[in-house]
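Here the structure comes first, spelled out in structure tokens, and everything after it is commentary.
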Amino acid sequence: MTAGPLAGCRVVELGGIGPGPFAGMLLADLGAEVVRVDRPARAGEPDAGGPADVLGRGKRSVVLDLKDPAATAVLLQLVERADVLIEGFRPGVTERLGIGPHDCLARNPRLVYGRMTGWGQDGPLAAAAGHDLTYIALTGALGAIGDADGPPQIPLNLVGDFGGGGCYLVIGVLAALHAAVRTGRGQVVDAAIVDGTAHLLASTYAKLGRGEWSDERGVNRFDGGWPFYAVYGTRDGRHVAVGALERKFYRSLVELLDLGVDPDRQHDRSAWPELRRLLTKRFAERTRDEWAALFEGTDACVAPVLSLTEAAAHPHLAARGSLFARDGVVQPAAAPRFSATPSSPGRTAPAVGADTQAVFRDWGVRFPGPT
């Protein structure tokens with residue numbers, strides 16, 4: 001029996017890449033029954049099921065060729081029995097297939113129809129191709145990340161695809177589900193990566209409006225411009241992250257490093273070049289792990305910069321079980337955590353189409369011909 005706060009919620013996910021599957025994984029982690037509708041060709045792709053298909057965990061997979069009217073008729077049967085549908089095609093694709101919002105809501109007025117795109121359902125670029133990098137470039141997020149004397153730095157695809165995209169799709173779906181409970185009516189959720197990324201910049205825009213943020217890279221509080229909120233190299237070629245923003249944390253930092261500077265001059269910008277020089281020189285004197293041992297448990301807000309594989313072994317993450325290994329694949333545990341309805345990562349992603357007959361049986365769906 002599925003556990004978690006979304007137990008009993010049925011989700012149909014039209015198979016895709018990136019933020020849509022991530023949203024489906026998150027809903028599955030929260031306890032929803034997620035059925036991923038895959039295209040026949042996906043069966044030969046390298047991430048099609050199995051332990052390494054982390055975004056497919058907790059789901060069941062059926063295969064439908066949505067270019068076949070008989071298959072779209074089956075999908076509409078699934079829609080009748082679902083609470084949520086999520087899709088990540090370009091605007092207009094599902095409409096042309098006969099499974100757009102109008103078609104689906106006509107069959108199930110309570111349905112939440114979640115749409116995941118980069119540019120959104122309308123606007124001058126709605127029909128254009130794009131990827132995480134192009135979306136965050138247009139919002140200003142990419143231009144704000146990096147050193148003052150270097151190019152913008154790519155923050156993986158965390159800011160766009162997963163932060164501004166998949167997470168906002170889930171937020172929208174949950175809000176629309178809540179509204180459906182109250183009103184009995186479903187609706188369309190237009191989750192665009194450009195919208196979500198812009199929304200993530202709310203605090204930065206507030207600082208810009210107050211004159212506390214300069215619209216240039218690498219000179220601000222959270223972009224490495226302040227010497228006590230920055231990354232420094234260590235003797236072994238690794239790095240430590242320093243986040244001693246508050247006065248008491250900064251005092252702890254300079255005392256533990258024995259820098260010989262006046263902690264009360266923390267915000268004297270004329271002293272910052274020398275402070276950065278001293279911090280650079282001091283951190284280069286020891287290895288990353290030696291510094292980690294010194295600062296562990298202190299209020300100086302210094303942490304070792306770990307690799308992905310190192311992170312899984314860190315005592316704090318290990319104690320919380322933030323990451324775990326399954327069949328040799330390290331992956332994140334379910335998040336957030338709940339006191340009364342615990343969530344958990346579901347089973348390993350099935351092979352494409354492995355659950356077709358079982359899902360049709362369980363959901364009471366008829367397919368008029370071979371699947």
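Residue numbering restarts at 1 in every chain; chains get A, B, ... in the order shown in the structure tokens, and ligands count up from 1 in that same order.
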Name the residues in contact with Val34 in chain A at a cut-off of 12 Å, using only C-alpha atoms, excluding same-chain residues fewer than 3 positions from it; report them as a PyMOL selection string. chain A and resi 2+6-15+21-31+37+55-62+78+82-86+346-347+349+355+359
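Secondary structure by DSSP on the backbone puts the following residues of range 195-243 of chain A in strand (DSSP E or B): Tyr229, Ala230, Val231, Tyr232, Gly233, His239, Val240, Ala241, Val242 and Gly243 of chain A.
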I need the residues from that last selection saved to file as a compact mmCIF listing (two decimals), in the first residue's frame (with C-alpha atoms), if you can.
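As written to disk, result35.txt reads:
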# COMPACT_ATOMS: atom_id res chain seq x y z
CA TYR A 229 30.99 34.92 1.94
CA ALA A 230 33.18 33.24 -0.65
CA VAL A 231 35.05 30.09 -1.64
CA TYR A 232 38.78 29.69 -0.95
CA GLY A 233 41.37 27.23 -2.19
CA HIS A 239 38.15 24.32 -1.48
CA VAL A 240 36.23 25.50 1.56
CA ALA A 241 33.06 27.57 1.58
CA VAL A 242 32.92 30.53 3.98
CA GLY A 243 29.55 32.02 4.91
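As for CA of Ala312 in chain A and CA of Leu169 in chain A, they are spaced 27.5 Å apart.
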All residues 7 Å or closer to Leu200 in chain A, only C-alpha atoms, same chain fewer than 3 positions away omitted, as a PyMOL selection string: chain A and resi 164+196-197
Go ahead and save the picked residues with N, CA and C atoms, as an mmCIF file, in the first residue's frame.
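Dumped to out03.cif:
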data_model
loop_
_atom_site.group_PDB
_atom_site.id
_atom_site.type_symbol
_atom_site.label_atom_id
_atom_site.label_comp_id
_atom_site.auth_asym_id
_atom_site.auth_seq_id
_atom_site.Cartn_x
_atom_site.Cartn_y
_atom_site.Cartn_z
ATOM 1 N N GLY A 164 13.377 26.170 -10.827
ATOM 2 C CA GLY A 164 12.335 27.008 -11.417
ATOM 3 C C GLY A 164 11.333 26.243 -12.238
ATOM 4 N N GLY A 196 9.313 30.458 -13.099
ATOM 5 C CA GLY A 196 9.790 29.952 -11.819
ATOM 6 C C GLY A 196 11.154 30.502 -11.455
ATOM 7 N N THR A 197 12.046 30.599 -12.447
ATOM 8 C CA THR A 197 13.379 31.147 -12.174
ATOM 9 C C THR A 197 13.292 32.609 -11.772
#
One number please: CA of Thr72 in chain A to CA of Gly50 in chain A, in Å, one decimal. 26.6 Å
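Distance check against Pro5 in chain A using only C-alpha atoms: of A:Ala354, A:Asp362, A:Ser344, A:Ile171, the minimum falls on A:Ser344.
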Quick one: of A:Arg265, A:His131, A:Arg288, A:Arg110, who's nearest to Ala179 in chain A, counting only C-alpha atoms?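 Closest residue, counting only C-alpha atoms: A:Arg110.
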Long-range neighbours of Asp65 in chain A as a list in words, 9 Å cut-off, only C-alpha atoms, 2 positions minimum in chain: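 Listed by chain and then number, they are Asp38, Arg39, Pro40, Val63, Lys67, Asp68, Pro69, Ala70, Ala71, Thr72 and Thr371 of chain A.
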Residues from the last selection, N, CA, C and O atoms, saved as an mmCIF file, in the first residue's frame:
data_model
loop_
_atom_site.group_PDB
_atom_site.id
_atom_site.type_symbol
_atom_site.label_atom_id
_atom_site.label_comp_id
_atom_site.auth_asym_id
_atom_site.auth_seq_id
_atom_site.Cartn_x
_atom_site.Cartn_y
_atom_site.Cartn_z
ATOM 1 N N ASP A 38 4.922 6.004 -21.645
ATOM 2 C CA ASP A 38 6.124 6.073 -22.469
ATOM 3 C C ASP A 38 5.790 5.815 -23.931
ATOM 4 O O ASP A 38 4.833 5.098 -24.257
ATOM 5 N N ARG A 39 6.612 6.373 -24.796
ATOM 6 C CA ARG A 39 6.491 6.072 -26.222
ATOM 7 C C ARG A 39 7.228 4.771 -26.511
ATOM 8 O O ARG A 39 8.194 4.428 -25.819
ATOM 9 N N PRO A 40 6.816 4.045 -27.519
ATOM 10 C CA PRO A 40 7.453 2.742 -27.800
ATOM 11 C C PRO A 40 8.956 2.837 -28.013
ATOM 12 O O PRO A 40 9.699 1.965 -27.552
ATOM 13 N N VAL A 63 3.185 1.628 -22.142
ATOM 14 C CA VAL A 63 3.584 2.091 -23.466
ATOM 15 C C VAL A 63 2.341 2.359 -24.305
ATOM 16 O O VAL A 63 1.472 1.489 -24.431
ATOM 17 N N LYS A 67 0.342 8.693 -31.261
ATOM 18 C CA LYS A 67 -0.031 9.069 -32.621
ATOM 19 C C LYS A 67 -1.129 8.152 -33.166
ATOM 20 O O LYS A 67 -1.668 8.402 -34.238
ATOM 21 N N ASP A 68 -1.425 7.096 -32.420
ATOM 22 C CA ASP A 68 -2.466 6.135 -32.788
ATOM 23 C C ASP A 68 -3.757 6.528 -32.065
ATOM 24 O O ASP A 68 -3.793 6.593 -30.839
ATOM 25 N N PRO A 69 -4.831 6.815 -32.785
ATOM 26 C CA PRO A 69 -6.087 7.213 -32.140
ATOM 27 C C PRO A 69 -6.578 6.217 -31.095
ATOM 28 O O PRO A 69 -7.172 6.613 -30.093
ATOM 29 N N ALA A 70 -6.319 4.934 -31.314
ATOM 30 C CA ALA A 70 -6.737 3.935 -30.332
ATOM 31 C C ALA A 70 -5.984 4.133 -29.010
ATOM 32 O O ALA A 70 -6.547 3.965 -27.921
ATOM 33 N N ALA A 71 -4.700 4.500 -29.110
ATOM 34 C CA ALA A 71 -3.902 4.731 -27.903
ATOM 35 C C ALA A 71 -4.351 5.999 -27.184
ATOM 36 O O ALA A 71 -4.387 6.044 -25.954
ATOM 37 N N THR A 72 -4.678 7.043 -27.928
ATOM 38 C CA THR A 72 -5.152 8.266 -27.270
ATOM 39 C C THR A 72 -6.486 8.004 -26.587
ATOM 40 O O THR A 72 -6.769 8.593 -25.533
ATOM 41 N N THR A 371 -1.073 -3.924 -27.335
ATOM 42 C CA THR A 371 -0.437 -2.756 -26.732
ATOM 43 C C THR A 371 1.016 -2.718 -27.111
ATOM 44 O O THR A 371 1.598 -3.712 -27.503
#
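Summary of the local environment: counting only C-alpha atoms, residues at most 8 Å from Arg217 in chain A, other than itself and those fewer than 2 positions away along its chain, are Gly143, Ala144, Ile145, Gly146, Asp147, Ala148, Pro152, Ser214, Asp215, Val219, Asn220 and Asp223 of chain A.
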Can I get the selection written as an mmCIF file, in the first residue's frame, with C-alpha atoms?
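out-v8.cif was written with the following content:
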data_model
loop_
_atom_site.group_PDB
_atom_site.id
_atom_site.type_symbol
_atom_site.label_atom_id
_atom_site.label_comp_id
_atom_site.auth_asym_id
_atom_site.auth_seq_id
_atom_site.Cartn_x
_atom_site.Cartn_y
_atom_site.Cartn_z
ATOM 1 C CA GLY A 143 24.285 36.657 -15.639
ATOM 2 C CA ALA A 144 24.371 37.115 -11.864
ATOM 3 C CA ILE A 145 26.407 33.984 -11.129
ATOM 4 C CA GLY A 146 30.200 33.957 -11.369
ATOM 5 C CA ASP A 147 33.312 35.993 -10.653
ATOM 6 C CA ALA A 148 33.492 39.678 -11.471
ATOM 7 C CA PRO A 152 28.827 33.578 -16.023
ATOM 8 C CA SER A 214 24.659 45.903 -7.831
ATOM 9 C CA ASP A 215 23.476 44.657 -11.219
ATOM 10 C CA VAL A 219 30.541 42.083 -6.301
ATOM 11 C CA ASN A 220 27.550 41.336 -4.097
ATOM 12 C CA ASP A 223 27.879 35.980 -5.337
#
Taking a cut-off of 10 Å and counting only C-alpha atoms, can you build a table that, for each residue of range 84-112 of chain A near range 126-130 of chain A, reports the nearest atom pair and how far apart they are in Å (one decimal), sorted by chain then residue number, as a Markdown table?
| residue | atom | partner | partner_atom | distance |
| --- | --- | --- | --- | --- |
| A:Arg90 | CA | A:Ala127 | CA | 6.5 |
| A:Pro91 | CA | A:Ala127 | CA | 6.5 |
| A:Gly92 | CA | A:Ala127 | CA | 8.7 |
Which residues in range 212-321 of chain A does DSSP call alpha helix (DSSP H)? List them as a tab-separated table (two decimals) with C-alpha atoms, in the first residue's frame.
chain	number	residue	atom	x	y	z
A	247	ARG	CA	28.78	39.70	13.12
A	248	LYS	CA	29.11	36.88	15.66
A	249	PHE	CA	29.89	34.35	12.93
A	250	TYR	CA	32.49	36.63	11.41
A	251	ARG	CA	34.10	37.15	14.79
A	252	SER	CA	34.33	33.39	15.25
A	253	LEU	CA	35.91	33.07	11.80
A	254	VAL	CA	38.68	35.60	12.31
A	255	GLU	CA	39.43	34.33	15.80
A	256	LEU	CA	39.71	30.69	14.74
A	257	LEU	CA	41.93	31.70	11.81
A	272	TRP	CA	38.19	44.10	2.12
A	273	PRO	CA	41.04	43.73	-0.39
A	274	GLU	CA	43.49	43.07	2.43
A	275	LEU	CA	41.00	40.80	4.20
A	276	ARG	CA	40.54	38.71	1.06
A	277	ARG	CA	44.31	38.48	0.66
A	278	LEU	CA	44.70	37.28	4.25
A	279	LEU	CA	41.90	34.72	3.91
A	280	THR	CA	43.34	33.42	0.65
A	281	LYS	CA	46.80	33.09	2.18
A	282	ARG	CA	45.58	31.45	5.40
A	283	PHE	CA	43.33	28.85	3.79
A	288	ARG	CA	40.55	21.11	3.02
A	289	ASP	CA	39.96	18.31	5.50
A	290	GLU	CA	42.26	19.89	8.10
A	291	TRP	CA	40.18	23.06	7.91
A	292	ALA	CA	36.98	21.01	8.05
A	293	ALA	CA	38.14	19.39	11.27
A	294	LEU	CA	38.96	22.79	12.80
A	295	PHE	CA	35.63	24.38	11.93
A	308	LEU	CA	28.97	14.39	-5.24
A	309	THR	CA	30.46	11.07	-4.20
A	310	GLU	CA	32.02	12.55	-1.06
A	311	ALA	CA	28.73	14.12	0.02
A	315	PRO	CA	28.42	12.09	8.71
A	316	HIS	CA	25.60	14.61	8.82
A	317	LEU	CA	24.00	13.55	5.54
A	318	ALA	CA	24.59	9.92	6.45
A	319	ALA	CA	22.91	10.36	9.85
A	320	ARG	CA	19.85	11.94	8.25
Fewer than 6 positions away in the same chain doesn't count, so skip those; otherwise give me all residues within 10 Å of Gln331 in chain A, counting only C-alpha atoms, as a list in words. Pro51, Ala52, Val54, Leu55, Ala312, Ser322, Leu323, Phe324, Ala325 and Pro345 of chain A
Those same residues - N, CA, C and O atoms - I'd like them written as a short mmCIF file (atom, residue, chain, number, x, y, z; two decimals), in the first residue's frame.
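Output (out-v1.cif):
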data_model
loop_
_atom_site.label_atom_id
_atom_site.label_comp_id
_atom_site.auth_asym_id
_atom_site.auth_seq_id
_atom_site.Cartn_x
_atom_site.Cartn_y
_atom_site.Cartn_z
N PRO A 51 17.97 0.74 -12.10
CA PRO A 51 18.47 1.51 -10.95
C PRO A 51 18.94 2.92 -11.28
O PRO A 51 18.79 3.83 -10.47
N ALA A 52 19.54 3.12 -12.47
CA ALA A 52 20.08 4.44 -12.80
C ALA A 52 19.01 5.43 -13.24
O ALA A 52 19.28 6.63 -13.35
N VAL A 54 16.81 7.26 -11.91
CA VAL A 54 16.35 7.75 -10.62
C VAL A 54 15.05 8.54 -10.75
O VAL A 54 14.15 8.43 -9.90
N LEU A 55 14.90 9.32 -11.82
CA LEU A 55 13.68 10.10 -11.98
C LEU A 55 12.46 9.23 -12.29
O LEU A 55 11.33 9.71 -12.23
N ALA A 312 27.81 11.88 -0.07
CA ALA A 312 27.03 10.75 0.43
C ALA A 312 27.63 10.15 1.70
O ALA A 312 26.92 9.54 2.50
N SER A 322 20.05 11.52 4.00
CA SER A 322 19.69 12.42 2.90
C SER A 322 19.98 11.80 1.55
O SER A 322 19.31 12.12 0.55
N LEU A 323 20.98 10.95 1.49
CA LEU A 323 21.32 10.22 0.28
C LEU A 323 21.41 8.74 0.64
O LEU A 323 21.76 8.39 1.77
N PHE A 324 21.09 7.90 -0.31
CA PHE A 324 21.21 6.46 -0.06
C PHE A 324 21.61 5.78 -1.36
O PHE A 324 21.50 6.37 -2.45
N ALA A 325 22.09 4.56 -1.24
CA ALA A 325 22.48 3.78 -2.41
C ALA A 325 21.51 2.62 -2.61
O ALA A 325 21.15 1.94 -1.65
N PRO A 345 11.19 7.07 -1.00
CA PRO A 345 11.43 6.81 -2.42
C PRO A 345 10.83 5.47 -2.81
O PRO A 345 10.98 4.47 -2.11
#
Spatial neighbours of Leu245 in chain A, 10 Å, only C-alpha atoms, chain gap at least 6 places, as a PDB file with all heavy atoms, in the first residue's frame:
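Full text of part-v1.pdb as output:
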ATOM      1  N   ARG A 221      26.689  40.415  -2.071  1.00  0.00           N
ATOM      2  CA  ARG A 221      26.708  39.635  -0.840  1.00  0.00           C
ATOM      3  C   ARG A 221      26.741  38.132  -1.091  1.00  0.00           C
ATOM      4  O   ARG A 221      27.482  37.396  -0.438  1.00  0.00           O
ATOM      5  CB  ARG A 221      25.473  39.994  -0.002  1.00  0.00           C
ATOM      6  CG  ARG A 221      25.398  39.269   1.334  1.00  0.00           C
ATOM      7  CD  ARG A 221      24.110  39.588   2.058  1.00  0.00           C
ATOM      8  NE  ARG A 221      23.888  41.026   2.177  1.00  0.00           N
ATOM      9  CZ  ARG A 221      22.829  41.563   2.777  1.00  0.00           C
ATOM     10  NH1 ARG A 221      21.898  40.772   3.284  1.00  0.00           N
ATOM     11  NH2 ARG A 221      22.690  42.871   2.849  1.00  0.00           N
ATOM     12  N   PHE A 222      25.914  37.655  -2.012  1.00  0.00           N
ATOM     13  CA  PHE A 222      25.773  36.214  -2.180  1.00  0.00           C
ATOM     14  C   PHE A 222      26.431  35.666  -3.443  1.00  0.00           C
ATOM     15  O   PHE A 222      26.183  34.527  -3.825  1.00  0.00           O
ATOM     16  CB  PHE A 222      24.280  35.839  -2.185  1.00  0.00           C
ATOM     17  CG  PHE A 222      23.582  36.156  -0.891  1.00  0.00           C
ATOM     18  CD1 PHE A 222      22.515  37.033  -0.864  1.00  0.00           C
ATOM     19  CD2 PHE A 222      23.995  35.578   0.294  1.00  0.00           C
ATOM     20  CE1 PHE A 222      21.867  37.330   0.321  1.00  0.00           C
ATOM     21  CE2 PHE A 222      23.362  35.864   1.491  1.00  0.00           C
ATOM     22  CZ  PHE A 222      22.287  36.745   1.510  1.00  0.00           C
ATOM     23  N   TRP A 226      31.644  39.553  -1.383  1.00  0.00           N
ATOM     24  CA  TRP A 226      32.061  39.879  -0.019  1.00  0.00           C
ATOM     25  C   TRP A 226      33.077  38.830   0.437  1.00  0.00           C
ATOM     26  O   TRP A 226      32.813  37.626   0.313  1.00  0.00           O
ATOM     27  CB  TRP A 226      30.865  39.894   0.917  1.00  0.00           C
ATOM     28  CG  TRP A 226      29.909  41.036   0.649  1.00  0.00           C
ATOM     29  CD1 TRP A 226      29.840  41.813  -0.463  1.00  0.00           C
ATOM     30  CD2 TRP A 226      28.895  41.501   1.533  1.00  0.00           C
ATOM     31  NE1 TRP A 226      28.847  42.748  -0.339  1.00  0.00           N
ATOM     32  CE2 TRP A 226      28.246  42.596   0.875  1.00  0.00           C
ATOM     33  CE3 TRP A 226      28.453  41.143   2.800  1.00  0.00           C
ATOM     34  CZ2 TRP A 226      27.191  43.295   1.456  1.00  0.00           C
ATOM     35  CZ3 TRP A 226      27.398  41.838   3.383  1.00  0.00           C
ATOM     36  CH2 TRP A 226      26.782  42.905   2.725  1.00  0.00           C
ATOM     37  N   PRO A 227      34.208  39.216   0.968  1.00  0.00           N
ATOM     38  CA  PRO A 227      35.279  38.256   1.262  1.00  0.00           C
ATOM     39  C   PRO A 227      34.929  37.231   2.329  1.00  0.00           C
ATOM     40  O   PRO A 227      35.545  36.163   2.372  1.00  0.00           O
ATOM     41  CB  PRO A 227      36.443  39.154   1.708  1.00  0.00           C
ATOM     42  CG  PRO A 227      35.811  40.436   2.125  1.00  0.00           C
ATOM     43  CD  PRO A 227      34.613  40.612   1.263  1.00  0.00           C
ATOM     44  N   PHE A 228      33.962  37.523   3.178  1.00  0.00           N
ATOM     45  CA  PHE A 228      33.577  36.569   4.215  1.00  0.00           C
ATOM     46  C   PHE A 228      32.358  35.741   3.795  1.00  0.00           C
ATOM     47  O   PHE A 228      31.738  35.073   4.619  1.00  0.00           O
ATOM     48  CB  PHE A 228      33.317  37.279   5.554  1.00  0.00           C
ATOM     49  CG  PHE A 228      32.608  38.601   5.423  1.00  0.00           C
ATOM     50  CD1 PHE A 228      31.226  38.664   5.396  1.00  0.00           C
ATOM     51  CD2 PHE A 228      33.339  39.771   5.330  1.00  0.00           C
ATOM     52  CE1 PHE A 228      30.580  39.869   5.259  1.00  0.00           C
ATOM     53  CE2 PHE A 228      32.696  40.995   5.203  1.00  0.00           C
ATOM     54  CZ  PHE A 228      31.309  41.042   5.166  1.00  0.00           C
ATOM     55  N   TYR A 229      31.999  35.812   2.512  1.00  0.00           N
ATOM     56  CA  TYR A 229      30.995  34.916   1.937  1.00  0.00           C
ATOM     57  C   TYR A 229      31.530  34.512   0.562  1.00  0.00           C
ATOM     58  O   TYR A 229      31.152  35.047  -0.472  1.00  0.00           O
ATOM     59  CB  TYR A 229      29.637  35.613   1.810  1.00  0.00           C
ATOM     60  CG  TYR A 229      28.479  34.659   1.577  1.00  0.00           C
ATOM     61  CD1 TYR A 229      27.773  34.114   2.640  1.00  0.00           C
ATOM     62  CD2 TYR A 229      28.103  34.287   0.289  1.00  0.00           C
ATOM     63  CE1 TYR A 229      26.717  33.237   2.446  1.00  0.00           C
ATOM     64  CE2 TYR A 229      27.047  33.408   0.078  1.00  0.00           C
ATOM     65  CZ  TYR A 229      26.361  32.892   1.153  1.00  0.00           C
ATOM     66  OH  TYR A 229      25.314  32.014   0.946  1.00  0.00           O
ATOM     67  N   ARG A 251      33.145  37.090  13.682  1.00  0.00           N
ATOM     68  CA  ARG A 251      34.102  37.152  14.793  1.00  0.00           C
ATOM     69  C   ARG A 251      34.689  35.771  15.061  1.00  0.00           C
ATOM     70  O   ARG A 251      35.899  35.616  15.269  1.00  0.00           O
ATOM     71  CB  ARG A 251      33.412  37.694  16.048  1.00  0.00           C
ATOM     72  CG  ARG A 251      34.340  37.807  17.260  1.00  0.00           C
ATOM     73  CD  ARG A 251      33.599  38.374  18.459  1.00  0.00           C
ATOM     74  NE  ARG A 251      33.234  39.763  18.222  1.00  0.00           N
ATOM     75  CZ  ARG A 251      34.021  40.796  18.471  1.00  0.00           C
ATOM     76  NH1 ARG A 251      35.243  40.595  18.981  1.00  0.00           N
ATOM     77  NH2 ARG A 251      33.610  42.031  18.257  1.00  0.00           N
ATOM     78  N   GLN A 266      34.272  44.575  10.021  1.00  0.00           N
ATOM     79  CA  GLN A 266      33.770  43.611   9.045  1.00  0.00           C
ATOM     80  C   GLN A 266      33.206  44.278   7.794  1.00  0.00           C
ATOM     81  O   GLN A 266      33.459  43.831   6.678  1.00  0.00           O
ATOM     82  CB  GLN A 266      32.679  42.734   9.684  1.00  0.00           C
ATOM     83  CG  GLN A 266      32.049  41.733   8.718  1.00  0.00           C
ATOM     84  CD  GLN A 266      30.924  40.935   9.367  1.00  0.00           C
ATOM     85  OE1 GLN A 266      30.538  41.199  10.508  1.00  0.00           O
ATOM     86  NE2 GLN A 266      30.384  39.953   8.656  1.00  0.00           N
ATOM     87  N   HIS A 267      32.476  45.363   7.956  1.00  0.00           N
ATOM     88  CA  HIS A 267      31.814  46.000   6.805  1.00  0.00           C
ATOM     89  C   HIS A 267      32.527  47.261   6.319  1.00  0.00           C
ATOM     90  O   HIS A 267      31.933  48.072   5.609  1.00  0.00           O
ATOM     91  CB  HIS A 267      30.359  46.283   7.148  1.00  0.00           C
ATOM     92  CG  HIS A 267      29.545  45.029   7.329  1.00  0.00           C
ATOM     93  ND1 HIS A 267      29.165  44.234   6.275  1.00  0.00           N
ATOM     94  CD2 HIS A 267      29.083  44.418   8.459  1.00  0.00           C
ATOM     95  CE1 HIS A 267      28.473  43.194   6.735  1.00  0.00           C
ATOM     96  NE2 HIS A 267      28.422  43.279   8.049  1.00  0.00           N
ATOM     97  N   ALA A 300      31.437  29.518  12.858  1.00  0.00           N
ATOM     98  CA  ALA A 300      32.138  30.322  11.854  1.00  0.00           C
ATOM     99  C   ALA A 300      31.553  30.149  10.455  1.00  0.00           C
ATOM    100  O   ALA A 300      31.904  30.891   9.541  1.00  0.00           O
ATOM    101  CB  ALA A 300      33.625  29.956  11.840  1.00  0.00           C
ATOM    102  N   CYS A 301      30.661  29.167  10.305  1.00  0.00           N
ATOM    103  CA  CYS A 301      29.988  28.925   9.015  1.00  0.00           C
ATOM    104  C   CYS A 301      30.991  28.632   7.897  1.00  0.00           C
ATOM    105  O   CYS A 301      30.983  29.273   6.842  1.00  0.00           O
ATOM    106  CB  CYS A 301      29.105  30.105   8.632  1.00  0.00           C
ATOM    107  SG  CYS A 301      27.779  30.429   9.806  1.00  0.00           S
TER     108      CYS A 301
END
My list of candidates is A:Ile136, A:Leu259, A:Val112, A:Ala358. Which is closest to Phe162 in chain A when distances are computed with only C-alpha atoms?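 Of A:Ile136, A:Leu259, A:Val112, A:Ala358, the one nearest Phe162 in chain A is A:Ile136, counting only C-alpha atoms.
Relative to CA of Ala106 in chain A, CA of Asp122 in chain A is found at 22.3 Å.
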